[in-house]
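**Q** Below you'll find the structure I mean.
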Amino acid sequence: MIDRVLLDAALGRARPLILGHGGDIAITDVSGDGVVSVALTGACRACPNLAMTFVGPVRTFLMEVPGVSAVECDQVNAGPRALSRLARLLHAHPYPAA
């Protein structure tokens, strides 16, 4: 079971960056096996840097929460290899390449 307070606090660390760019973020689902789903709104929905924001601060901060096994965002249109490269370039939490 994931502590929702810790999850919200982790998301709160990324939120100022997202709000500063005219968007916002919300947790849309937390599965029983620790998969956290997020959705970006506002200006973030059409941002060309959406994948960087997701794999950089958003996913990294959420993966630090005990019990989180993965973070997903249906809006990210990049494959696992691209996201893995981005994570390495951003010194973010490693993303498993396919």
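Ordering of the structure tokens sets the chain letters (A, B, ...), residue numbers begin anew at 1 in every chain, and ligands are numbered from 1 in the order given.
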Where in chain A does DSSP assign strand (DSSP E), given as number ranges by chain?
**A** A: 23-30, 35-42, 70-72
**Q** How about saving the chosen residues, C-alpha atoms kept, as a short mmCIF file (atom, residue, chain, number, x, y, z; two decimals), in the first residue's frame?
**A**
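Contents of part.cif, freshly written:
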```
data_model
loop_
_atom_site.label_atom_id
_atom_site.label_comp_id
_atom_site.auth_asym_id
_atom_site.auth_seq_id
_atom_site.Cartn_x
_atom_site.Cartn_y
_atom_site.Cartn_z
CA GLY A 23 0.05 23.50 -16.77
CA ASP A 24 -0.79 21.23 -13.88
CA ILE A 25 -0.55 17.56 -12.99
CA ALA A 26 -2.80 15.10 -11.21
CA ILE A 27 -2.63 11.50 -10.10
CA THR A 28 -5.39 9.67 -11.95
CA ASP A 29 -4.90 6.16 -10.58
CA VAL A 30 -2.84 4.09 -8.18
CA VAL A 35 1.67 1.65 -10.69
CA VAL A 36 0.89 5.37 -10.48
CA SER A 37 -0.85 7.01 -13.44
CA VAL A 38 -0.62 10.77 -13.94
CA ALA A 39 -2.17 13.26 -16.35
CA LEU A 40 -0.89 16.68 -17.32
CA THR A 41 -3.32 19.49 -18.08
CA GLY A 42 -3.26 23.02 -19.41
CA ALA A 70 6.13 2.33 -12.05
CA VAL A 71 4.78 5.67 -13.19
CA GLU A 72 2.72 6.00 -16.37
#
```
**Q** Using DSSP on the backbone coordinates, identify all residues within region 1-96 of chain A classified as helix (DSSP H, G or I); present the result as an NGL selection string.
**A** :A and (4-19 or 43-46 or 50-63 or 80-90)
**Q** Let me make sure I understand: among A:Pro66, A:Gly79, A:Gly32, A:Pro96, which one has the smallest atom-to-atom distance to Leu6 (chain A) if we use only C-alpha atoms?
**A** A:Pro66
**Q** If we count only C-alpha atoms and set the cut-off at 8 Å, which residues sit around Ala78 (chain A), ignoring sequence neighbours fewer than 3 positions away in its own chain? Please answer as JSON, numbers by chain.
**A** {"A": [51, 82, 83]}
**Q** Identify, on the basis of only C-alpha atoms, every residue whose closest approach to region 57-65 of chain A does not exceed 8 Å; exclude the query and any residue fewer than 3 positions from it along the same chain; express the result as a VMD selection string.
**A** chain A and resid 2 6 to 7 10 to 11 13 to 14 53 to 54 68 to 71 92 to 93
**Q** Go ahead and compute the interatomic distance for CA of Pro94 (chain A) and CA of Asp74 (chain A), in Å to one decimal.
**A**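 Taking CA of Pro94 (chain A) as the start and CA of Asp74 (chain A) as the end point, the length is 18.8 Å.
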